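Listing of coords-v3.cif, mmCIF, C-alpha atoms
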data_target
loop_
_atom_site.label_atom_id
_atom_site.label_comp_id
_atom_site.auth_asym_id
_atom_site.auth_seq_id
_atom_site.Cartn_x
_atom_site.Cartn_y
_atom_site.Cartn_z
CA MET Q 744 -0.49 -22.94 8.94
CA LYS Q 745 2.51 -21.19 7.42
CA LEU Q 746 3.96 -18.31 9.45
CA PHE Q 747 6.15 -15.41 8.29
CA TYR Q 748 8.50 -12.87 9.85
CA HIS Q 749 11.37 -10.84 8.39
CA PRO Q 750 14.12 -9.91 10.86
CA ASP Q 751 14.76 -6.58 9.13
CA GLN Q 752 11.68 -5.31 10.94
CA ALA Q 753 14.11 -4.66 13.80
CA HIS Q 754 15.58 -1.73 11.82
CA HIS Q 755 12.62 0.33 13.02
CA ALA Q 756 13.40 0.78 16.69
CA PRO Q 757 12.44 4.21 18.03
CA GLY Q 758 13.36 4.47 21.69
CA ALA Q 759 10.69 6.93 22.68
CA PHE Q 760 7.44 8.64 21.72
CA LEU Q 761 5.39 11.50 23.14
CA VAL Q 762 2.33 10.64 25.23
CA ARG Q 763 0.35 13.06 27.42
CA GLY Q 764 3.09 15.60 26.90
CA GLN Q 765 5.83 13.31 28.21
CA LEU Q 766 8.62 11.70 26.22
CA THR Q 767 8.18 8.04 27.13
CA SER Q 768 9.84 4.74 26.21
CA SER Q 769 8.05 3.31 23.20
CA PRO Q 770 6.29 -0.05 23.72
CA GLU Q 771 6.47 -0.64 19.95
CA GLY Q 772 9.96 -2.00 19.36
CA PRO Q 773 11.87 -5.15 18.41
CA VAL Q 774 11.16 -6.73 21.81
CA ARG Q 775 7.55 -7.18 20.67
CA ALA Q 776 8.66 -9.53 17.92
CA GLU Q 777 10.92 -11.40 20.35
CA LEU Q 778 8.06 -12.02 22.81
CA LEU Q 779 5.62 -13.01 20.08
CA THR Q 780 8.20 -15.36 18.55
CA LYS Q 781 8.69 -17.06 21.92
CA GLY Q 782 4.95 -17.63 22.14
CA LEU Q 783 4.94 -19.30 18.73
CA GLU Q 784 8.04 -21.35 19.52
CA SER Q 785 6.35 -22.67 22.66
CA MET Q 786 3.90 -24.35 20.29
CA GLY Q 787 6.59 -25.69 18.01
CA LEU Q 788 5.65 -23.25 15.23
CA VAL Q 789 8.33 -22.06 12.81
CA LEU Q 790 8.55 -18.62 11.20
CA HIS Q 791 9.58 -18.34 7.55
CA GLU Q 792 11.46 -15.37 6.15
CA PRO Q 793 10.02 -13.61 3.08
CA GLU Q 794 12.41 -13.73 0.16
CA ASP Q 795 12.59 -9.99 -0.44
CA ILE Q 796 11.52 -6.91 1.51
CA ASP Q 797 11.49 -4.61 -1.52
CA SER Q 798 10.21 -5.50 -4.96
CA PRO Q 799 8.27 -3.88 -7.82
CA ARG Q 800 5.15 -5.88 -6.94
CA LEU Q 801 5.27 -4.72 -3.30
CA ARG Q 802 5.73 -1.10 -4.38
CA SER Q 803 2.88 -1.39 -6.85
CA ARG Q 804 0.51 -2.87 -4.28
CA LEU Q 805 1.43 -0.24 -1.69
CA ALA Q 806 0.77 2.47 -4.29
CA SER Q 807 -2.79 1.15 -4.63
CA ILE Q 808 -3.55 1.84 -0.95
CA HIS Q 809 -1.22 4.79 -0.13
CA THR Q 810 -0.61 8.03 -2.02
CA PRO Q 811 2.63 8.45 -4.02
CA ARG Q 812 3.65 11.52 -1.98
CA TYR Q 813 3.20 9.63 1.28
CA LEU Q 814 5.33 6.70 0.13
CA SER Q 815 8.00 9.12 -1.05
CA PHE Q 816 7.82 10.94 2.28
CA LEU Q 817 8.40 7.75 4.28
CA GLU Q 818 11.42 6.85 2.18
CA THR Q 819 13.11 10.27 2.12
CA ILE Q 820 12.03 12.28 5.16
CA HIS Q 821 14.74 11.24 7.60
CA ALA Q 822 17.61 12.36 5.36
CA ARG Q 823 15.86 15.66 4.56
CA TRP Q 824 14.97 16.22 8.21
CA ARG Q 825 18.56 15.71 9.36
CA GLU Q 826 19.75 18.41 6.95
CA LEU Q 827 17.76 21.00 8.93
CA PRO Q 828 19.74 23.10 11.44
CA GLY Q 829 19.38 21.68 14.95
CA ALA Q 830 17.18 18.78 13.85
CA SER Q 831 16.68 15.87 16.23
CA GLU Q 832 17.79 12.34 15.37
CA LEU Q 833 14.17 11.18 15.15
CA VAL Q 834 11.62 12.80 12.86
CA MET Q 835 9.03 14.18 15.30
CA PRO Q 836 6.90 17.07 14.00
CA ASN Q 837 5.90 20.06 16.09
CA ILE Q 838 2.98 21.18 13.95
CA HIS Q 839 -0.09 19.46 12.47
CA PRO Q 840 -2.83 20.74 10.11
CA CYS Q 841 -5.58 20.38 12.69
CA GLY Q 842 -8.95 20.89 11.03
CA GLY Q 843 -7.42 20.20 7.62
CA GLY Q 844 -4.77 22.11 5.69
CA HIS Q 845 -5.39 24.03 2.49
CA HIS Q 846 -2.17 23.14 0.69
CA TYR Q 847 0.58 20.54 0.86
CA PRO Q 848 3.85 21.99 2.19
CA ARG Q 849 7.28 21.72 0.59
CA HIS Q 850 9.26 22.06 3.84
CA PRO Q 851 10.20 18.81 5.69
CA VAL Q 852 8.74 20.03 8.99
CA GLY Q 853 5.42 20.79 7.31
CA GLN Q 854 5.39 17.47 5.48
CA ALA Q 855 6.16 15.61 8.72
CA GLY Q 856 3.23 17.35 10.41
CA TRP Q 857 0.98 16.56 7.46
CA HIS Q 858 1.78 12.84 7.25
CA LEU Q 859 2.53 11.90 10.89
CA HIS Q 860 -0.91 12.21 12.38
CA ASP Q 861 0.21 11.92 16.00
CA MET Q 862 3.38 11.76 18.11
CA ALA Q 863 3.54 7.95 18.20
CA CYS Q 864 5.34 7.59 14.86
CA PRO Q 865 8.92 8.86 15.19
CA ILE Q 866 11.07 7.96 12.20
CA GLY Q 867 14.73 6.96 12.54
CA ALA Q 868 17.50 6.55 9.99
CA ASP Q 869 16.66 2.91 9.28
CA SER Q 870 12.92 3.01 9.95
CA PHE Q 871 11.85 2.75 6.33
CA ARG Q 872 13.68 -0.54 5.89
CA GLY Q 873 11.93 -1.95 8.97
CA VAL Q 874 8.55 -0.66 7.82
CA LEU Q 875 9.02 -2.23 4.38
CA ALA Q 876 10.01 -5.55 6.00
CA SER Q 877 6.78 -5.50 8.00
CA ALA Q 878 4.72 -4.90 4.86
CA ALA Q 879 6.63 -7.55 2.91
CA THR Q 880 5.81 -10.04 5.67
CA ALA Q 881 2.08 -9.39 5.27
CA GLN Q 882 2.43 -9.69 1.50
CA ALA Q 883 4.24 -13.03 1.81
CA ALA Q 884 1.49 -14.44 4.05
CA ALA Q 885 -1.25 -13.39 1.63
CA GLU Q 886 0.65 -14.79 -1.36
CA ALA Q 887 1.15 -18.07 0.49
CA LEU Q 888 -2.58 -18.37 1.10
CA ILE Q 889 -3.26 -17.83 -2.59
CA GLY Q 890 -0.55 -20.39 -3.32
CA GLY Q 891 -2.46 -23.07 -1.45
CA HIS Q 892 -1.09 -22.98 2.10
CA GLY Q 893 -4.48 -22.41 3.71
CA THR Q 894 -4.45 -20.15 6.76
CA THR Q 895 -1.27 -18.08 7.14
CA TYR Q 896 0.13 -15.72 9.77
CA ALA Q 897 2.28 -12.59 9.42
CA LEU Q 898 4.22 -11.36 12.44
CA CYS Q 899 4.27 -7.67 11.55
CA ARG Q 900 5.82 -4.85 13.51
CA PRO Q 901 5.43 -1.99 13.30
CA PRO Q 902 1.70 -2.68 13.02
CA GLY Q 903 -0.39 -1.11 10.29
CA HIS Q 904 -4.10 -0.59 10.86
CA HIS Q 905 -3.88 3.11 11.84
CA ALA Q 906 -2.00 3.97 8.62
CA GLY Q 907 -4.32 5.61 6.11
CA PRO Q 908 -3.83 6.52 2.47
CA ASP Q 909 -1.80 9.63 3.29
CA ARG Q 910 -0.78 9.38 6.94
CA ALA Q 911 0.87 7.43 9.72
CA GLY Q 912 -0.50 7.15 13.25
CA GLY Q 913 -0.54 4.97 16.35
CA PHE Q 914 2.85 3.31 15.64
CA CYS Q 915 1.64 2.44 12.09
CA PHE Q 916 3.21 3.52 8.78
CA LEU Q 917 2.10 1.09 6.05
CA ASN Q 918 -1.23 -0.68 6.34
CA ASN Q 919 -0.28 -4.36 6.45
CA SER Q 920 -3.85 -5.65 6.72
CA ALA Q 921 -4.99 -3.53 3.77
CA LEU Q 922 -1.99 -4.78 1.81
CA ALA Q 923 -2.90 -8.41 2.56
CA ALA Q 924 -6.46 -7.72 1.40
CA THR Q 925 -5.10 -6.13 -1.77
CA VAL Q 926 -3.12 -9.28 -2.54
CA LEU Q 927 -6.17 -11.47 -1.87
CA ARG Q 928 -8.30 -9.34 -4.18
CA GLU Q 929 -6.07 -10.48 -7.04
CA ARG Q 930 -7.61 -13.92 -6.59
CA PHE Q 931 -10.93 -13.35 -4.78
CA SER Q 932 -13.72 -10.97 -5.80
CA ARG Q 933 -14.90 -10.24 -2.25
CA VAL Q 934 -12.56 -9.93 0.74
CA ALA Q 935 -13.25 -8.98 4.36
CA ILE Q 936 -10.97 -7.49 7.03
CA LEU Q 937 -11.99 -8.39 10.57
CA ASP Q 938 -10.13 -6.23 13.10
CA VAL Q 939 -10.06 -7.47 16.71
CA ASP Q 940 -7.42 -5.04 18.00
CA LEU Q 941 -8.08 -2.93 21.10
CA HIS Q 942 -8.11 0.19 18.93
CA HIS Q 943 -10.26 1.07 15.95
CA GLY Q 944 -8.58 0.37 12.61
CA ASN Q 945 -9.12 3.90 11.31
CA GLY Q 946 -6.50 3.69 8.57
CA THR Q 947 -8.03 0.52 7.18
CA GLN Q 948 -11.47 2.10 7.29
CA ASP Q 949 -10.26 5.14 5.35
CA ILE Q 950 -8.58 3.06 2.64
CA PHE Q 951 -11.73 1.07 1.81
CA TYR Q 952 -14.49 3.48 2.88
CA TYR Q 953 -15.76 4.10 -0.66
CA ARG Q 954 -15.33 0.53 -1.94
CA ASN Q 955 -17.75 -2.39 -1.93
CA ASP Q 956 -15.31 -5.20 -2.75
CA VAL Q 957 -13.55 -5.15 0.64
CA TRP Q 958 -15.69 -5.26 3.79
CA THR Q 959 -14.11 -3.78 6.93
CA GLY Q 960 -15.24 -4.52 10.46
CA SER Q 961 -13.65 -3.38 13.71
CA LEU Q 962 -14.27 -4.31 17.34
CA HIS Q 963 -12.63 -1.80 19.70
CA VAL Q 964 -12.90 0.53 22.68
CA ASP Q 965 -15.35 3.38 22.13
CA PRO Q 966 -13.36 6.24 20.55
CA ALA Q 967 -15.27 8.73 22.69
CA ASP Q 968 -12.87 7.65 25.44
CA PHE Q 969 -9.90 6.09 23.66
CA TYR Q 970 -7.45 6.33 20.77
CA PRO Q 971 -7.87 7.03 17.86
CA PHE Q 972 -10.67 9.28 19.24
CA PHE Q 973 -11.86 10.75 15.92
CA TRP Q 974 -12.91 7.57 14.06
CA GLY Q 975 -14.64 4.34 14.97
CA GLY Q 976 -18.23 5.27 15.73
CA ALA Q 977 -21.07 2.89 15.01
CA ASN Q 978 -22.54 5.42 12.56
CA GLU Q 979 -19.53 5.16 10.21
CA GLU Q 980 -20.86 2.71 7.62
CA GLY Q 981 -18.99 3.61 4.42
CA MET Q 982 -19.92 6.05 1.67
CA GLY Q 983 -20.84 5.90 -2.00
CA GLU Q 984 -20.39 2.39 -3.35
CA GLY Q 985 -18.98 1.42 0.05
CA LEU Q 986 -22.11 2.29 2.01
CA GLY Q 987 -22.90 -0.65 4.29
CA THR Q 988 -19.52 -2.35 3.94
CA ASN Q 989 -17.89 -0.74 6.99
CA VAL Q 990 -18.99 -1.91 10.44
CA ASN Q 991 -17.78 -0.58 13.81
CA LEU Q 992 -18.73 -2.12 17.15
CA PRO Q 993 -17.35 0.14 19.89
CA LEU Q 994 -17.27 -1.27 23.43
CA PRO Q 995 -17.08 0.57 26.76
CA LEU Q 996 -13.64 1.24 28.18
CA GLY Q 997 -12.63 -1.65 30.45
CA SER Q 998 -14.82 -4.29 28.76
CA ASP Q 999 -14.06 -7.89 29.69
CA GLY Q 1000 -13.79 -11.10 27.70
CA ALA Q 1001 -17.51 -11.91 27.86
CA ALA Q 1002 -18.45 -8.55 26.35
CA PHE Q 1003 -15.72 -8.89 23.73
CA LEU Q 1004 -16.87 -12.34 22.63
CA GLU Q 1005 -20.51 -11.26 22.47
CA ALA Q 1006 -19.58 -8.33 20.22
CA LEU Q 1007 -17.34 -10.58 18.12
CA GLU Q 1008 -20.30 -12.85 17.44
CA ALA Q 1009 -22.33 -9.87 16.23
CA LEU Q 1010 -19.46 -8.66 14.03
CA ILE Q 1011 -19.04 -12.10 12.46
CA ALA Q 1012 -22.76 -12.16 11.64
CA ARG Q 1013 -22.30 -8.90 9.72
CA LEU Q 1014 -19.24 -10.32 7.97
CA GLU Q 1015 -21.09 -13.44 6.90
CA ALA Q 1016 -23.87 -11.32 5.41
CA PHE Q 1017 -21.26 -9.81 3.07
CA ARG Q 1018 -20.35 -13.33 1.84
CA PRO Q 1019 -16.59 -12.83 1.44
CA GLU Q 1020 -14.43 -15.42 -0.29
CA ALA Q 1021 -11.38 -14.76 1.93
CA VAL Q 1022 -10.72 -12.93 5.20
CA VAL Q 1023 -7.88 -10.93 6.71
CA ILE Q 1024 -7.90 -11.05 10.51
CA ALA Q 1025 -6.19 -7.97 11.95
CA LEU Q 1026 -5.03 -9.64 15.15
CA GLY Q 1027 -4.54 -7.38 18.14
CA LEU Q 1028 -3.56 -8.76 21.54
CA ASP Q 1029 -3.63 -5.42 23.34
CA ALA Q 1030 -7.08 -6.02 24.84
CA HIS Q 1031 -5.33 -7.99 27.64
CA ARG Q 1032 -5.78 -6.53 31.13
CA ASP Q 1033 -2.04 -5.95 31.61
CA ASP Q 1034 -1.25 -4.41 28.23
CA PRO Q 1035 0.56 -1.07 28.70
CA LEU Q 1036 -2.08 0.64 26.54
CA ALA Q 1037 -4.78 -0.70 28.92
CA GLY Q 1038 -8.27 -0.32 27.53
CA MET Q 1039 -9.95 -3.70 28.12
CA THR Q 1040 -9.60 -6.49 30.65
CA LEU Q 1041 -9.35 -9.72 28.68
CA GLU Q 1042 -7.49 -12.66 30.24
CA THR Q 1043 -5.16 -15.00 28.38
CA GLU Q 1044 -7.85 -17.68 28.18
CA ASP Q 1045 -10.14 -15.23 26.40
CA PHE Q 1046 -7.72 -15.16 23.46
CA PHE Q 1047 -8.10 -18.93 23.22
CA ALA Q 1048 -11.87 -18.42 22.91
CA VAL Q 1049 -11.39 -15.68 20.30
CA GLY Q 1050 -9.12 -17.95 18.26
CA LYS Q 1051 -11.54 -20.85 18.54
CA ARG Q 1052 -14.44 -18.73 17.30
CA LEU Q 1053 -12.48 -17.28 14.40
CA SER Q 1054 -11.32 -20.76 13.40
CA ARG Q 1055 -14.94 -21.54 12.50
CA LEU Q 1056 -15.05 -18.94 9.74
CA ALA Q 1057 -15.85 -20.64 6.45
CA GLN Q 1058 -13.31 -18.63 4.48
CA PRO Q 1059 -9.51 -19.02 4.23
CA ALA Q 1060 -7.80 -16.44 6.41
CA VAL Q 1061 -4.59 -14.44 6.65
CA LEU Q 1062 -3.74 -13.48 10.24
CA VAL Q 1063 -1.87 -10.16 10.35
CA GLN Q 1064 -0.36 -9.11 13.68
CA GLU Q 1065 -1.46 -5.67 14.80
CA GLY Q 1066 -1.21 -4.53 18.44
CA GLY Q 1067 -0.16 -6.27 21.62
CA TYR Q 1068 2.65 -4.71 23.63
CA PRO Q 1069 5.35 -6.02 25.97
CA THR Q 1070 4.15 -7.76 29.11
CA GLU Q 1071 5.02 -11.13 30.61
CA HIS Q 1072 1.77 -12.40 29.06
CA LEU Q 1073 2.22 -11.30 25.44
CA GLY Q 1074 3.73 -14.52 24.09
CA ASP Q 1075 1.22 -16.58 26.06
CA ASN Q 1076 -1.66 -14.55 24.63
CA LEU Q 1077 -0.54 -15.28 21.08
CA ALA Q 1078 -0.03 -18.96 21.91
CA ALA Q 1079 -3.51 -19.11 23.45
CA PHE Q 1080 -5.05 -17.57 20.34
CA MET Q 1081 -3.17 -19.95 18.06
CA ASN Q 1082 -4.15 -22.96 20.18
CA GLY Q 1083 -7.78 -21.93 19.94
CA PHE Q 1084 -7.52 -21.26 16.22
CA SER Q 1085 -5.86 -24.60 15.52
CA GLY Q 1086 -8.26 -26.52 17.75
CA SER Q 1087 -5.53 -27.64 20.19
#

Give the structure from the file, written as structure tokens.
Amino acid sequence: MKLFYHPDQAHHAPGAFLVRGQLTSSPEGPVRAELLTKGLESMGLVLHEPEDIDSPRLRSRLASIHTPRYLSFLETIHARWRELPGASELVMPNIHPCGGGHHYPRHPVGQAGWHLHDMACPIGADSFRGVLASAATAQAAAEALIGGHGTTYALCRPPGHHAGPDRAGGFCFLNNSALAATVLRERFSRVAILDVDLHHGNGTQDIFYYRNDVWTGSLHVDPADFYPFFWGGANEEGMGEGLGTNVNLPLPLGSDGAAFLEALEALIARLEAFRPEAVVIALGLDAHRDDPLAGMTLETEDFFAVGKRLSRLAQPAVLVQEGGYPTEHLGDNLAAFMNGFSGS
């Protein structure tokens, strides 16, 4: 397995975000990469640095999954925001088009409210460079798989699966898993994204909802009780040509490893019916009982079992890191998954 990480991801390092009305220290920062790296190093695994975090091919691929205005917004909003009288250091909107807006605003505050779906995506002066480095890491892993390296892994932060075509949300700005699938589609006619994060991959779902060449499946806490709240129901199956190629398996809040693994088996059966030629695994580790976003109660050994089951997929796979937030167990959880996946 070849593994990738670009250190420029550390340029995105917001100190705080708003949750339940309180400004709170953000769990999504450079320390995540440090803990995950330690878990990989404990296994003797080495991370490789992508050659470039910004290139025409990356921009072109991102433009196939995100709108041009959204990509421009991410690149320019901080400078425009800081020109406003009394603006904060971080871009944090105070208005959102709840229920849907009727026109796209010109003003930076309006654009921030339009594109930043929630208050978990503050943007700092160097955030765009860090976000691009995360996406470039996913791209490098997918290209390496196509180049013959077999299974690959991308240590991506910020994560990506809540980022839709025209919006950020849940710490996510660019959809790394969707980008990896886009790269794989250049070689394979049918690709699947299997999302095992604690949260529903609503951005990924939105990107591919009307397409039948990329199957999307997500195993997550029931959105009736948990973020992202408004997407992730079992009745969301795709539309148009994509009807039947989106599968959601919501689980009750607090579900344990046994329930998770049972649902994973059912999700894999649906994936196999699609007959993909390659798979992107959106790897979340935030289902652990001690994760600060607490929604399930998996133990470290459960991630070994998840890895072992996913290792039996018939297709080559790109592992893209999604959630999993700082605890003393985070590195161990990744190591357990990798041990299971590698058959150790």

Requested in this report: Just the residues within 12 Å of Arg825 (chain Q), please, counting all atoms listed in the file, with nothing from its chain fewer than 4 positions along; format it as a PyMOL selection string.
Outcome: chain Q and resi 819-821+829-835+851-852+866-868

Requested in this report: Tell me which of Q:Tyr748, Q:Phe931, Q:Phe1003, Q:Tyr896 sits closest to Thr880 (chain Q), counting only C-alpha atoms.
Outcome: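 Once distances to Thr880 (chain Q) are computed over only C-alpha atoms, the minimum belongs to Q:Tyr748.
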
Requested in this report: Name the closest residue to Val934 (chain Q) among the candidates Q:Pro1069, Q:Pro995, Q:Pro1019, Q:Gly985; distances are taken between atoms, counting all atoms listed in the file.
Outcome: Q:Pro1019

Using the file's own x, y and z axes, what box holds all listed atoms of region 965-982 of chain Q with 3 Å on each side, keeping edges along x, y and z, and what are its centre and edge lengths in Å to one decimal, as JSON?
{"center_x": -15.0, "center_y": 6.7, "center_z": 13.6, "size_x": 21.1, "size_y": 14.0, "size_z": 29.8}

Requested in this report: Using the chain letters and residue numbers of this document, give as a VMD selection string the residues selected by the PyMOL selection byres ((chain Q and resi 935) around 8).
Outcome: chain Q and resid 924 933 to 934 936 to 937 957 to 960 1014 1019 1021 to 1023

Requested in this report: Provide the CA of Met982 (chain Q) to CA of Gln882 (chain Q) distance in Å, to one decimal place.
Outcome: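 Computed distance, CA of Met982 (chain Q) to CA of Gln882 (chain Q), equals 27.3 Å.
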
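The residue that comes closest to Pro773 (chain Q), out of Q:Arg1055, Q:His749, Q:Arg823, Q:His845 and on the basis of all atoms listed in the file, is Q:His749.
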
Requested in this report: Please write as a ChimeraX atom specification the full residue list that the PyMOL selection byres ((chain Q and resi 813) around 12) yields on this file.
Outcome: /Q:805-812,814-820,847,854-859,906-911,916-917

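The spacing separating CA of Gln765 (chain Q) from CA of Pro971 (chain Q) amounts to 18.3 Å.
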
Report task. Find the distance between CA of Leu996 (chain Q) and CA of Asn978 (chain Q) and write it in Å to one decimal. Result ->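 Between CA of Leu996 (chain Q) and CA of Asn978 (chain Q) the gap is 18.5 Å.
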
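Near Glu1065 (chain Q), within 7 Å and counting only C-alpha atoms, sit Q:Cys899, Q:Pro902, Q:Gly903, Q:His904, Q:Asp940, Q:Ala1025, Q:Leu1026, Q:Gly1027; same-chain residues fewer than 3 positions away were not included.
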
Requested in this report: Quick one: apply the PyMOL selection byres ((chain Q and resi 745) around 6) to the file and drop the selected residues here as JSON, numbers by chain.
Outcome: {"Q": [744, 746, 895]}

Query - Shell around Asn955 (chain Q) at 8 Å using all atoms listed in the file, local window under 6 positions removed, as a PyMOL selection string - result: chain Q and resi 984-986+988

Report task. Would you please work out which residue, of Q:His860, Q:Lys1051, Q:Arg900, Q:Arg800, is nearest to Phe973 (chain Q) when using all atoms listed in the file? Result -> Q:His860

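Distances from Q:Thr925, Q:Ser769, Q:Asn945, Q:Asn991 to Pro901 (chain Q) were compared using only C-alpha atoms, and the smallest one belongs to Q:Ser769.
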
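Closest approach to Leu898 (chain Q) among Q:Pro1035, Q:Pro793, Q:Gly1083, Q:Pro757: Q:Pro793, based on all atoms listed in the file.
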
Query raised in the report: If we count all atoms listed in the file, what is near region 962-967 of chain Q at a cut-off of 6 Å, once residues fewer than 2 positions away on the same chain are taken out, given as a list in words?
Result: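 Residues near the query, excluding close chain neighbours: Val939, Leu941, His942, His943, Phe969, Tyr970, Phe972, Leu992, Pro993, Leu994, Pro995 and Leu996 of chain Q.
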
Those same residues - C-alpha atoms - I'd like them written as a PDB file, in the frame of the given file.
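In the end it all went to part_27.pdb:
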ATOM      1  CA  VAL Q 939     -10.060  -7.470  16.710  1.00  0.00           C
ATOM      2  CA  LEU Q 941      -8.080  -2.930  21.100  1.00  0.00           C
ATOM      3  CA  HIS Q 942      -8.110   0.190  18.930  1.00  0.00           C
ATOM      4  CA  HIS Q 943     -10.260   1.070  15.950  1.00  0.00           C
ATOM      5  CA  PHE Q 969      -9.900   6.090  23.660  1.00  0.00           C
ATOM      6  CA  TYR Q 970      -7.450   6.330  20.770  1.00  0.00           C
ATOM      7  CA  PHE Q 972     -10.670   9.280  19.240  1.00  0.00           C
ATOM      8  CA  LEU Q 992     -18.730  -2.120  17.150  1.00  0.00           C
ATOM      9  CA  PRO Q 993     -17.350   0.140  19.890  1.00  0.00           C
ATOM     10  CA  LEU Q 994     -17.270  -1.270  23.430  1.00  0.00           C
ATOM     11  CA  PRO Q 995     -17.080   0.570  26.760  1.00  0.00           C
ATOM     12  CA  LEU Q 996     -13.640   1.240  28.180  1.00  0.00           C
TER      13      LEU Q 996
END

Query - Sphere at (6.4, 10.7, 22.2), radius 9 Å, counting all atoms listed in the file: residues as a list in words - result: Ala759, Phe760, Leu761, Val762, Arg763, Gly764, Gln765, Leu766, Thr767, Ser768, Ser769, Met835, Asp861, Met862, Ala863, Cys864 and Pro865 of chain Q

Query raised in the report: Which residues, written as an MDAnalysis selection string, have at least one atom at most 12 Å from region 1075-1077 of chain Q, with all atoms listed in the file counted and residues fewer than 6 positions away on the same chain left out?
Result: chainID Q and resid 775:776 778:786 788 896 898 1026:1034 1041:1050 1062:1069 1083:1084
